[in-house]
Amino acid sequence: MSERIEALIIGAGFAGMYLLHRMRGLGIPAQALEAGDGVGGTWYWNRYPGARCDVESMQYSYAFSEELQQEWNWSERFAGQPEILRYANHVADRLDLRRDISFKTRATAARFDEASEAWEVETDTGRRITARHLILATGCLSSARLPDIPGIRDFAGKIYHTGQWPHEGVDFTGQRVAVIGTGSSAIQAIPVIAKEAARLTVFQRTPNFSIPSRNGPMTAEYAQSWKQDYAKKRAAARQMRTGILYHLSQIPAMSVSETERRAEYEARWAAGGTAFMAAFSDLLTNKEANDTAADFVREKIRGLVKNPEVAEILAPKNHPIGTKRICVDTAYYETFNLPHVTLVDVHKSPITRITSTGVEAGGQTHAVDSIVFATGFDAMTGTILAIDIHGRDGVSMRDVWADGPRTHLGLMVAGFPNLFLITGPGSPSVLSNMIVSIEQHVDWVSDALAHLRAQGLSTMETTLTAQEDWVAHVNEVAHRTLYPQANSWYMGANIPGKPQLFMPYVGGVGTYRKICEEIAAKGYPGFSFGAARRAAAE
Ligand code: NAP
């Protein structure tokens with residue numbers, strides 16, 4: 001027997017929670033399904049040592065409620081995972097969201113029924129739910145991925161993935177630990193694990209550029225400087241390229257002298273954080289400009305790492321800086337100066353297998369007690385395609401996206417009526433402050449559903465033409481930048497066999513928001529609507 005609900009939300013991370021709140025405000029009966037047994041999404045799963053947000057706490061929080069943003073106090077400039085998870089739980093309590101969330105329930109399939117114009121959703125608990133609207137708030141980095149290295153099952157020690165960390169934590173004291181991967185997660189985890197472990201061996205395939213965070217305690221003055229002016233600051237952040245308020249230079253890098261350039265890089269390095277990439281206006285579009293920033297960071301790495309051979313392995317040379325997600329760290333490079341920390345260059349000597357005792361690379365077995373896979377996610381599409389979704393005429397989302405994701409605005413897919421994506425591929429999503437982009441999408445979808453109600457309409461879907469135009473635009477804008485030059489997860493390059501195309505929209509949060517707002521204001525050109533059948537028959 002199928003339960004009925006007007007809006008079914010998949011996921012109770014920051015997107016799912018805000019969606020529930022908005023649906024209640026509109027009087028639309030809604031429920032959320034959540035695979036975990038708590039709220040928080042990415043912050044629920046990614047409990048690895050050192051997990052921390054690289055967007056400043058004062059900006060990485062909901063803006064929709066003045067009370068919420070005034071009453072919550074952050075303890076650090078960049079909040080750690082436990083504190084962000086506490087914040088998510090606080091919001092869930094404050095807004096009494098849990099009563100409409102089914103935890104430990106994963107959506108496994110969804111089929112659009114043409115006759116009833118509703119989605120039939122199946123779950124791993126056997127529940128079947130019929131919903132007029134299906135909203136995928138499934139997150140962009142929620143399908144953790146173990147690489148296909150032979151022998152993983154043979155390993156006699158413990159295996160962990162940063163994206164599925166045990167809730168009770170892990171004590172590495174006295175252990176020989178391997179970390180595989182050197183992306184954002186590893187770069188945060190490595191210095192913390194190194195403090196506990198007896199030996200730490202890091203297996204690096206591709207080095208990443210990392211900027212020091214300069215994290216520290218939140219000061220009352222800094223918090224107050226935001227709180228006294230929150231509305232204005234949030235509004236300004238929404239117009240920024242990344243949805244983060246910081247000084248974005250309007251000056252091209254090569255238009256100033258080398259001395260001035262260096263001074264700017266030094267100042268940004270000293271200030272810390274991702275704002276380093278905003279030092280000049282063209283760092284992501286002009287290779288010559290980009291090289292100056294990359295050279296600066298490589299020089300810093302060589303200065304921080306005492307062993308010149310290790311420094312050279314850590315200094316990235318195969319992609320322009322910023323075209324792979326820039327990392328932010330606390331004492332990452334310095335960790336390689338510790339006598340019990342070893343770096344293995346698996347680009348030169350690939351990992352061949354995992355044995356019962358350790359990791360085999362370059363003909364040598366590195367004996368370890370635990371292996372931490374910091375090997376990332378099937379990003380942006382993995383979690384959506386893990387649900388067996390069929391739209392009009394039984395067409396499968398997996399088939400429609402066989403050559404890569406196709407969406408209109410990252411919000412809807414042609415042939416899948418009343419199915420909305422939050423921060424889907426084709427929207428700024430992972431290139432932005434996720435909470436800013438989540439709020440914008442949730443508001444857009446909520447307004448669209450209010451429009452349907454007001455007009456007595458039952459279905460909304462994107463036209464194929466509008467979708468294809470948007471896909472072409474997303475590609476065109478991406479190719480005006482240096483981003484496609486990197487084998488990044490933005491391109492799907494980290495998953496063997498995944499189609500290679502640049503998935504997020506690089507046009508910027510402010511520009512994108514304007515496009516979405518104009519479409520809504522003009523009555524949704526590029527979308528088609530179906531009149532409610534019952535209403536039509538009456
Ligand atoms: P990631 O960036 O995809 O990094 C995965 C790492 O594993 C890469 O170094 C990759 O090397 C390596 N790897 C994968 N398969 C391998 C294999 N078979 N052998 C050796 N190495 C292998 O994943 P992540 O670090 O979890 O980060 C994902 C994203 O999450 C970030 O880019 C960011 O957007 C987000 N994140 C944000 C924060 C933050 O806010 N501070 C923190 C953590 C994560 P290759 O590069 O050669 O593939």
# chains A, B, ... in the order shown; residues from 1 in each chain; ligands from 1

$ residues_near_ligand --ligand "ligand 1" --cutoff "6 Å" --atoms "only C-alpha atoms and all ligand atoms" --output "compact mmCIF listing (two decimals) with N, CA and C atoms, in the first residue's frame"
# COMPACT_ATOMS: atom_id res chain seq x y z
N ARG A 52 36.55 19.96 8.29
CA ARG A 52 36.29 21.37 8.60
C ARG A 52 35.81 22.04 7.33
N CYS A 53 35.00 23.07 7.46
CA CYS A 53 34.53 23.78 6.28
C CYS A 53 35.57 24.82 5.87
N ASP A 54 35.73 25.01 4.56
CA ASP A 54 36.70 26.02 4.12
C ASP A 54 36.01 27.33 3.74
N PRO A 147 38.36 3.06 -4.52
CA PRO A 147 38.88 2.74 -5.86
C PRO A 147 38.94 1.22 -6.07
N ILE A 180 45.35 7.03 1.55
CA ILE A 180 45.40 7.02 0.09
C ILE A 180 44.59 8.21 -0.42
N GLY A 181 45.26 9.08 -1.19
CA GLY A 181 44.59 10.27 -1.70
C GLY A 181 45.14 11.52 -1.05
N THR A 182 45.14 12.61 -1.82
CA THR A 182 45.61 13.90 -1.28
C THR A 182 44.71 15.03 -1.77
N GLY A 183 43.38 14.79 -1.73
CA GLY A 183 42.42 15.85 -2.02
C GLY A 183 42.11 16.62 -0.73
N SER A 184 41.05 17.43 -0.74
CA SER A 184 40.70 18.27 0.42
C SER A 184 40.56 17.46 1.70
N SER A 185 39.92 16.29 1.61
CA SER A 185 39.67 15.50 2.82
C SER A 185 41.00 15.03 3.41
N ALA A 186 41.86 14.47 2.55
CA ALA A 186 43.15 13.95 3.03
C ALA A 186 43.99 15.09 3.61
N GLN A 204 50.22 9.48 -2.63
CA GLN A 204 49.75 10.61 -3.44
C GLN A 204 49.85 10.28 -4.93
N ARG A 205 48.71 10.41 -5.63
CA ARG A 205 48.76 10.23 -7.09
C ARG A 205 48.92 11.59 -7.76
N THR A 206 48.08 12.56 -7.33
CA THR A 206 48.16 13.91 -7.90
C THR A 206 48.27 14.91 -6.76
N ARG A 325 39.63 21.64 -7.23
CA ARG A 325 39.19 22.38 -6.06
C ARG A 325 40.39 22.73 -5.16
N ALA A 374 40.95 8.29 1.28
CA ALA A 374 40.45 9.67 1.14
C ALA A 374 40.26 9.88 -0.36
N THR A 375 39.56 8.94 -0.97
CA THR A 375 39.56 8.82 -2.44
C THR A 375 38.34 9.46 -3.09
N GLY A 376 37.57 10.22 -2.33
CA GLY A 376 36.56 11.06 -2.95
C GLY A 376 35.23 10.38 -3.24
N PHE A 377 34.52 10.96 -4.20
CA PHE A 377 33.10 10.67 -4.39
C PHE A 377 32.77 10.53 -5.88
N TRP A 489 37.36 15.95 -10.45
CA TRP A 489 36.03 15.33 -10.28
C TRP A 489 34.95 16.24 -10.84
N ASN A 494 37.51 11.40 -12.06
CA ASN A 494 38.00 10.49 -11.01
C ASN A 494 37.30 9.14 -11.01

$ select_by_dssp --residues "segment 123-246 of chain A" --states "alpha helix (DSSP H)" --output "MDAnalysis selection string"
chainID A and resid 184:196 220:227 230:238

$ residues_around --residues "segment 169-172 of chain A" --least-positions-apart "5" --cutoff "10 Å" --atoms "only C-alpha atoms" --output "number ranges by chain"
A: 47-49, 160, 177, 193-200, 369-370

$ write_last_selection --atoms "C-alpha atoms" --output "mmCIF file, in the first residue's frame"
data_model
loop_
_atom_site.group_PDB
_atom_site.id
_atom_site.type_symbol
_atom_site.label_atom_id
_atom_site.label_comp_id
_atom_site.auth_asym_id
_atom_site.auth_seq_id
_atom_site.Cartn_x
_atom_site.Cartn_y
_atom_site.Cartn_z
ATOM 1 C CA ARG A 47 33.434 12.764 10.426
ATOM 2 C CA TYR A 48 37.086 12.124 9.604
ATOM 3 C CA PRO A 49 39.749 13.729 11.812
ATOM 4 C CA TYR A 160 38.060 3.539 6.499
ATOM 5 C CA VAL A 177 48.434 4.143 9.050
ATOM 6 C CA ILE A 193 46.210 11.532 11.975
ATOM 7 C CA ALA A 194 49.975 12.217 12.036
ATOM 8 C CA LYS A 195 49.625 13.446 15.620
ATOM 9 C CA GLU A 196 48.301 10.058 16.742
ATOM 10 C CA ALA A 197 49.855 7.489 14.466
ATOM 11 C CA ALA A 198 53.194 5.794 15.102
ATOM 12 C CA ARG A 199 53.850 5.819 11.341
ATOM 13 C CA LEU A 200 51.906 7.536 8.593
ATOM 14 C CA ASP A 369 47.504 -1.557 10.486
ATOM 15 C CA SER A 370 44.819 0.734 8.995
#

$ closest_atom_pairs --of "segment 116-196 of chain A" --to "segment 8-15 of chain A" --cutoff "10 Å" --atoms "only C-alpha atoms" --output "JSON lines"
{"residue": "A:Trp119", "atom": "CA", "partner": "A:Leu8", "partner_atom": "CA", "distance": 9.0}
{"residue": "A:Val121", "atom": "CA", "partner": "A:Leu8", "partner_atom": "CA", "distance": 8.9}
{"residue": "A:Ile129", "atom": "CA", "partner": "A:Leu8", "partner_atom": "CA", "distance": 8.2}
{"residue": "A:Thr130", "atom": "CA", "partner": "A:Leu8", "partner_atom": "CA", "distance": 8.3}
{"residue": "A:Ala131", "atom": "CA", "partner": "A:Leu8", "partner_atom": "CA", "distance": 5.8}
{"residue": "A:Arg132", "atom": "CA", "partner": "A:Leu8", "partner_atom": "CA", "distance": 7.9}
{"residue": "A:His133", "atom": "CA", "partner": "A:Leu8", "partner_atom": "CA", "distance": 6.2}
{"residue": "A:Leu134", "atom": "CA", "partner": "A:Leu8", "partner_atom": "CA", "distance": 5.0}
{"residue": "A:Ile135", "atom": "CA", "partner": "A:Ile9", "partner_atom": "CA", "distance": 4.8}
{"residue": "A:Leu136", "atom": "CA", "partner": "A:Ile10", "partner_atom": "CA", "distance": 5.0}
{"residue": "A:Ala137", "atom": "CA", "partner": "A:Gly11", "partner_atom": "CA", "distance": 5.1}
{"residue": "A:Thr138", "atom": "CA", "partner": "A:Gly11", "partner_atom": "CA", "distance": 5.1}
{"residue": "A:Gly139", "atom": "CA", "partner": "A:Gly13", "partner_atom": "CA", "distance": 7.6}

$ select_by_dssp --residues "segment 79-263 of chain A" --states "strand (DSSP E or B)" --output "ChimeraX atom specification"
/A:80,101-102,107-113,118-123,128-136,144,158-161,176-180,199-204,210-212,217

$ write_last_selection --atoms "C-alpha atoms" --output "mmCIF file, in the first residue's frame"
data_model
loop_
_atom_site.group_PDB
_atom_site.id
_atom_site.type_symbol
_atom_site.label_atom_id
_atom_site.label_comp_id
_atom_site.auth_asym_id
_atom_site.auth_seq_id
_atom_site.Cartn_x
_atom_site.Cartn_y
_atom_site.Cartn_z
ATOM 1 C CA GLY A 80 34.906 21.987 12.342
ATOM 2 C CA ILE A 101 11.865 13.108 8.339
ATOM 3 C CA SER A 102 12.095 9.329 8.007
ATOM 4 C CA ALA A 107 15.017 5.958 -1.868
ATOM 5 C CA THR A 108 15.910 3.202 -4.313
ATOM 6 C CA ALA A 109 13.606 3.844 -7.276
ATOM 7 C CA ALA A 110 11.186 6.466 -8.572
ATOM 8 C CA ARG A 111 8.806 6.106 -11.484
ATOM 9 C CA PHE A 112 6.573 8.836 -12.921
ATOM 10 C CA ASP A 113 3.047 7.555 -13.393
ATOM 11 C CA ALA A 118 2.702 11.477 -9.618
ATOM 12 C CA TRP A 119 5.968 9.856 -8.638
ATOM 13 C CA GLU A 120 5.898 6.347 -7.213
ATOM 14 C CA VAL A 121 8.913 6.068 -4.941
ATOM 15 C CA GLU A 122 10.360 2.870 -3.521
ATOM 16 C CA THR A 123 12.630 2.670 -0.499
ATOM 17 C CA ARG A 128 6.249 2.977 -1.118
ATOM 18 C CA ILE A 129 5.326 6.604 -1.340
ATOM 19 C CA THR A 130 3.337 8.437 -4.004
ATOM 20 C CA ALA A 131 4.273 12.077 -4.374
ATOM 21 C CA ARG A 132 3.135 14.847 -6.710
ATOM 22 C CA HIS A 133 6.570 16.430 -6.497
ATOM 23 C CA LEU A 134 9.895 14.716 -5.992
ATOM 24 C CA ILE A 135 12.787 16.898 -4.855
ATOM 25 C CA LEU A 136 16.287 15.454 -4.839
ATOM 26 C CA ALA A 144 31.791 7.848 -1.301
ATOM 27 C CA LYS A 158 40.913 -1.817 9.352
ATOM 28 C CA ILE A 159 39.694 0.108 6.293
ATOM 29 C CA TYR A 160 38.060 3.539 6.499
ATOM 30 C CA HIS A 161 36.683 6.033 3.975
ATOM 31 C CA ARG A 176 50.930 2.313 11.241
ATOM 32 C CA VAL A 177 48.434 4.143 9.050
ATOM 33 C CA ALA A 178 48.158 4.561 5.281
ATOM 34 C CA VAL A 179 46.234 7.464 3.765
ATOM 35 C CA ILE A 180 45.402 7.020 0.089
ATOM 36 C CA ARG A 199 53.850 5.819 11.341
ATOM 37 C CA LEU A 200 51.906 7.536 8.593
ATOM 38 C CA THR A 201 52.394 6.709 4.924
ATOM 39 C CA VAL A 202 50.649 8.993 2.452
ATOM 40 C CA PHE A 203 49.999 7.680 -1.050
ATOM 41 C CA GLN A 204 49.748 10.609 -3.439
ATOM 42 C CA SER A 210 46.633 24.055 -0.642
ATOM 43 C CA ILE A 211 46.424 27.416 1.092
ATOM 44 C CA PRO A 212 46.809 27.750 4.874
ATOM 45 C CA PRO A 217 39.032 31.165 17.621
#

$ residues_around --residues "Ala51 of chain A" --least-positions-apart "4" --cutoff "12 Å" --atoms "only C-alpha atoms" --output "CSV table (one decimal) with N, CA, C and O atoms, in the first residue's frame"
chain,number,residue,atom,x,y,z
A,42,THR,N,26.2,16.0,4.4
A,42,THR,CA,27.7,15.8,4.3
A,42,THR,C,28.4,15.9,5.6
A,42,THR,O,29.3,15.2,5.9
A,43,TRP,N,27.8,16.7,6.5
A,43,TRP,CA,28.4,16.9,7.8
A,43,TRP,C,28.1,15.7,8.8
A,43,TRP,O,28.6,15.6,9.9
A,44,TYR,N,27.1,15.0,8.4
A,44,TYR,CA,26.7,13.8,9.2
A,44,TYR,C,27.7,12.6,8.8
A,44,TYR,O,28.1,11.9,9.7
A,45,TRP,N,28.0,12.5,7.5
A,45,TRP,CA,28.8,11.4,7.1
A,45,TRP,C,30.3,11.6,7.2
A,45,TRP,O,31.1,10.7,7.5
A,46,ASN,N,30.8,12.9,6.9
A,46,ASN,CA,32.2,13.1,6.8
A,46,ASN,C,32.8,13.5,8.2
A,46,ASN,O,33.1,14.7,8.5
A,47,ARG,N,33.0,12.5,9.1
A,47,ARG,CA,33.4,12.8,10.4
A,47,ARG,C,34.9,12.5,10.6
A,47,ARG,O,35.4,12.2,11.7
A,78,PHE,N,36.9,29.1,11.0
A,78,PHE,CA,36.4,28.0,10.1
A,78,PHE,C,35.9,26.9,11.0
A,78,PHE,O,36.7,26.3,11.8
A,79,ALA,N,34.6,26.6,11.0
A,79,ALA,CA,34.0,25.6,11.9
A,79,ALA,C,34.4,24.2,11.5
A,79,ALA,O,34.5,23.9,10.3
A,80,GLY,N,34.6,23.4,12.6
A,80,GLY,CA,34.9,22.0,12.3
A,80,GLY,C,33.6,21.2,12.2
A,80,GLY,O,32.5,21.7,12.5
A,81,GLN,N,33.7,20.0,11.7
A,81,GLN,CA,32.5,19.2,11.4
A,81,GLN,C,31.6,19.0,12.6
A,81,GLN,O,30.4,19.1,12.5
A,82,PRO,N,32.2,18.7,13.8
A,82,PRO,CA,31.3,18.5,15.0
A,82,PRO,C,30.4,19.7,15.2
A,82,PRO,O,29.2,19.6,15.5
A,83,GLU,N,31.0,20.9,15.1
A,83,GLU,CA,30.2,22.1,15.3
A,83,GLU,C,29.2,22.4,14.3
A,83,GLU,O,28.0,22.8,14.6
A,84,ILE,N,29.5,22.1,13.0
A,84,ILE,CA,28.5,22.3,11.9
A,84,ILE,C,27.4,21.3,12.1
A,84,ILE,O,26.2,21.6,11.9
A,85,LEU,N,27.7,20.1,12.5
A,85,LEU,CA,26.7,19.1,12.8
A,85,LEU,C,25.8,19.5,13.9
A,85,LEU,O,24.5,19.3,13.9
A,162,THR,N,37.0,8.4,4.3
A,162,THR,CA,36.8,9.7,5.0
A,162,THR,C,35.3,10.1,4.9
A,162,THR,O,34.8,10.7,5.8
A,163,GLY,N,34.6,9.7,3.8
A,163,GLY,CA,33.2,10.1,3.6
A,163,GLY,C,32.2,9.2,4.3
A,163,GLY,O,31.0,9.4,4.2
A,165,TRP,N,32.8,7.9,7.8
A,165,TRP,CA,33.7,7.7,9.0
A,165,TRP,C,32.9,7.2,10.1
A,165,TRP,O,31.7,7.6,10.3
A,184,SER,N,41.0,17.4,-0.7
A,184,SER,CA,40.7,18.3,0.4
A,184,SER,C,40.6,17.5,1.7
A,184,SER,O,41.0,17.9,2.8
A,185,SER,N,39.9,16.3,1.6
A,185,SER,CA,39.7,15.5,2.8
A,185,SER,C,41.0,15.0,3.4
A,185,SER,O,41.2,15.2,4.6
A,186,ALA,N,41.9,14.5,2.5
A,186,ALA,CA,43.1,14.0,3.0
A,186,ALA,C,44.0,15.1,3.6
A,186,ALA,O,44.6,14.9,4.6
A,187,ILE,N,44.0,16.2,2.9
A,187,ILE,CA,44.8,17.3,3.3
A,187,ILE,C,44.4,17.8,4.7
A,187,ILE,O,45.2,18.3,5.5
A,188,GLN,N,43.1,17.7,5.1
A,188,GLN,CA,42.7,18.0,6.4
A,188,GLN,C,43.0,16.9,7.4
A,188,GLN,O,43.4,17.2,8.6
A,189,ALA,N,42.9,15.7,6.9
A,189,ALA,CA,43.0,14.5,7.9
A,189,ALA,C,44.5,14.2,8.2
A,189,ALA,O,44.8,13.9,9.4
A,190,ILE,N,45.3,14.4,7.2
A,190,ILE,CA,46.7,13.9,7.4
A,190,ILE,C,47.4,14.6,8.6
A,190,ILE,O,48.0,13.9,9.4
A,191,PRO,N,47.4,15.9,8.8
A,191,PRO,CA,48.1,16.5,10.0
A,191,PRO,C,47.5,16.0,11.3
A,191,PRO,O,48.2,15.8,12.3
A,192,VAL,N,46.2,15.7,11.3
A,192,VAL,CA,45.6,15.2,12.6
A,192,VAL,C,45.9,13.8,12.8
A,192,VAL,O,46.3,13.4,14.0
A,193,ILE,N,45.9,13.0,11.8
A,193,ILE,CA,46.2,11.5,12.0
A,193,ILE,C,47.7,11.4,12.3
A,193,ILE,O,48.1,10.6,13.2
A,328,VAL,N,42.4,23.9,1.6
A,328,VAL,CA,42.7,24.8,2.6
A,328,VAL,C,43.1,23.9,3.8
A,328,VAL,O,42.5,22.9,4.1
A,329,ASP,N,44.2,24.2,4.4
A,329,ASP,CA,44.8,23.3,5.4
A,329,ASP,C,45.3,24.0,6.7
A,329,ASP,O,45.4,25.2,6.7
A,330,THR,N,45.6,23.1,7.6
A,330,THR,CA,46.3,23.6,8.8
A,330,THR,C,47.5,22.7,9.0
A,330,THR,O,47.4,21.5,9.2
A,374,ALA,N,40.9,8.3,1.3
A,374,ALA,CA,40.4,9.7,1.1
A,374,ALA,C,40.3,9.9,-0.4
A,374,ALA,O,40.8,10.8,-0.9

$ atom_distance --atom1 "atom CA of Arg392 of chain A" --atom2 "atom CA of Leu457 of chain A"
17.6 Å

$ closest_residue --among "A:Ser249, A:Asp282, A:Lys317, A:Ala294" --to "Arg480 of chain A" --atoms "only C-alpha atoms"
A:Asp282

$ atom_distance --atom1 "atom CA of Gln455 of chain A" --atom2 "atom CA of Ala531 of chain A"
8.5 Å

$ closest_residue --among "A:Met240, A:Ala263, A:Leu26, A:Ile495" --to "Ser437 of chain A" --atoms "only C-alpha atoms"
A:Met240

$ closest_atom_pairs --of "segment 455-488 of chain A" --to "segment 415-427 of chain A" --cutoff "9 Å" --atoms "only C-alpha atoms" --output "tab-separated table"
residue	atom	partner	partner_atom	distance
A:Ser458	CA	A:Asn418	CA	8.5
A:Thr459	CA	A:Asn418	CA	5.8
A:Met460	CA	A:Asn418	CA	5.4
A:Glu461	CA	A:Pro417	CA	4.6
A:Thr462	CA	A:Pro417	CA	7.7
A:Thr463	CA	A:Gly415	CA	8.1
A:Leu464	CA	A:Gly415	CA	7.9
A:Trp470	CA	A:Gly426	CA	7.9
A:Val471	CA	A:Gly426	CA	7.0
A:Val474	CA	A:Gly426	CA	6.3

$ decode --residues "segment 61-132 of chain A" --atoms "C-alpha atoms" --output "PDB file, in the first residue's frame"
ATOM      1  CA  SER A  61      25.122  29.076   7.703  1.00  0.00           C
ATOM      2  CA  TYR A  62      21.488  29.649   6.798  1.00  0.00           C
ATOM      3  CA  ALA A  63      20.529  33.213   5.966  1.00  0.00           C
ATOM      4  CA  PHE A  64      16.767  32.713   5.724  1.00  0.00           C
ATOM      5  CA  SER A  65      16.069  33.352   9.398  1.00  0.00           C
ATOM      6  CA  GLU A  66      17.309  36.403  11.237  1.00  0.00           C
ATOM      7  CA  GLU A  67      16.685  34.686  14.598  1.00  0.00           C
ATOM      8  CA  LEU A  68      18.771  31.675  13.611  1.00  0.00           C
ATOM      9  CA  GLN A  69      21.698  33.700  12.403  1.00  0.00           C
ATOM     10  CA  GLN A  70      21.617  35.943  15.455  1.00  0.00           C
ATOM     11  CA  GLU A  71      21.263  33.262  18.102  1.00  0.00           C
ATOM     12  CA  TRP A  72      23.950  30.843  16.901  1.00  0.00           C
ATOM     13  CA  ASN A  73      27.540  31.460  18.007  1.00  0.00           C
ATOM     14  CA  TRP A  74      30.457  29.921  16.144  1.00  0.00           C
ATOM     15  CA  SER A  75      33.593  29.117  18.103  1.00  0.00           C
ATOM     16  CA  GLU A  76      36.135  29.236  15.258  1.00  0.00           C
ATOM     17  CA  ARG A  77      36.798  31.235  12.099  1.00  0.00           C
ATOM     18  CA  PHE A  78      36.371  27.990  10.116  1.00  0.00           C
ATOM     19  CA  ALA A  79      34.018  25.630  11.892  1.00  0.00           C
ATOM     20  CA  GLY A  80      34.906  21.987  12.342  1.00  0.00           C
ATOM     21  CA  GLN A  81      32.548  19.164  11.394  1.00  0.00           C
ATOM     22  CA  PRO A  82      31.258  18.506  14.953  1.00  0.00           C
ATOM     23  CA  GLU A  83      30.209  22.122  15.350  1.00  0.00           C
ATOM     24  CA  ILE A  84      28.511  22.278  11.945  1.00  0.00           C
ATOM     25  CA  LEU A  85      26.652  19.072  12.758  1.00  0.00           C
ATOM     26  CA  ARG A  86      25.560  20.587  16.089  1.00  0.00           C
ATOM     27  CA  TYR A  87      24.306  23.602  14.155  1.00  0.00           C
ATOM     28  CA  ALA A  88      22.329  21.367  11.758  1.00  0.00           C
ATOM     29  CA  ASN A  89      20.767  19.589  14.742  1.00  0.00           C
ATOM     30  CA  HIS A  90      19.999  22.908  16.402  1.00  0.00           C
ATOM     31  CA  VAL A  91      18.145  24.036  13.274  1.00  0.00           C
ATOM     32  CA  ALA A  92      16.251  20.735  13.103  1.00  0.00           C
ATOM     33  CA  ASP A  93      15.173  21.168  16.739  1.00  0.00           C
ATOM     34  CA  ARG A  94      14.426  24.844  16.462  1.00  0.00           C
ATOM     35  CA  LEU A  95      12.191  24.335  13.422  1.00  0.00           C
ATOM     36  CA  ASP A  96      10.829  21.020  14.699  1.00  0.00           C
ATOM     37  CA  LEU A  97      11.803  19.312  11.454  1.00  0.00           C
ATOM     38  CA  ARG A  98      12.363  15.739  12.651  1.00  0.00           C
ATOM     39  CA  ARG A  99       8.676  14.861  12.776  1.00  0.00           C
ATOM     40  CA  ASP A 100       8.607  14.970   8.974  1.00  0.00           C
ATOM     41  CA  ILE A 101      11.865  13.108   8.339  1.00  0.00           C
ATOM     42  CA  SER A 102      12.095   9.329   8.007  1.00  0.00           C
ATOM     43  CA  PHE A 103      15.640   8.411   8.968  1.00  0.00           C
ATOM     44  CA  LYS A 104      17.479   5.247   7.900  1.00  0.00           C
ATOM     45  CA  THR A 105      15.380   5.226   4.766  1.00  0.00           C
ATOM     46  CA  ARG A 106      16.954   5.322   1.333  1.00  0.00           C
ATOM     47  CA  ALA A 107      15.017   5.958  -1.868  1.00  0.00           C
ATOM     48  CA  THR A 108      15.910   3.202  -4.313  1.00  0.00           C
ATOM     49  CA  ALA A 109      13.606   3.844  -7.276  1.00  0.00           C
ATOM     50  CA  ALA A 110      11.186   6.466  -8.572  1.00  0.00           C
ATOM     51  CA  ARG A 111       8.806   6.106 -11.484  1.00  0.00           C
ATOM     52  CA  PHE A 112       6.573   8.836 -12.921  1.00  0.00           C
ATOM     53  CA  ASP A 113       3.047   7.555 -13.393  1.00  0.00           C
ATOM     54  CA  GLU A 114       1.481   9.362 -16.346  1.00  0.00           C
ATOM     55  CA  ALA A 115      -2.084   8.547 -15.359  1.00  0.00           C
ATOM     56  CA  SER A 116      -1.913  10.002 -11.875  1.00  0.00           C
ATOM     57  CA  GLU A 117       0.835  12.502 -12.725  1.00  0.00           C
ATOM     58  CA  ALA A 118       2.702  11.477  -9.618  1.00  0.00           C
ATOM     59  CA  TRP A 119       5.968   9.856  -8.638  1.00  0.00           C
ATOM     60  CA  GLU A 120       5.898   6.347  -7.213  1.00  0.00           C
ATOM     61  CA  VAL A 121       8.913   6.068  -4.941  1.00  0.00           C
ATOM     62  CA  GLU A 122      10.360   2.870  -3.521  1.00  0.00           C
ATOM     63  CA  THR A 123      12.630   2.670  -0.499  1.00  0.00           C
ATOM     64  CA  ASP A 124      15.049   0.160   0.973  1.00  0.00           C
ATOM     65  CA  THR A 125      12.712  -0.295   3.942  1.00  0.00           C
ATOM     66  CA  GLY A 126       9.898  -1.502   1.700  1.00  0.00           C
ATOM     67  CA  ARG A 127       7.859   1.694   2.072  1.00  0.00           C
ATOM     68  CA  ARG A 128       6.249   2.977  -1.118  1.00  0.00           C
ATOM     69  CA  ILE A 129       5.326   6.604  -1.340  1.00  0.00           C
ATOM     70  CA  THR A 130       3.337   8.437  -4.004  1.00  0.00           C
ATOM     71  CA  ALA A 131       4.273  12.077  -4.374  1.00  0.00           C
ATOM     72  CA  ARG A 132       3.135  14.847  -6.710  1.00  0.00           C
TER      73      ARG A 132
END
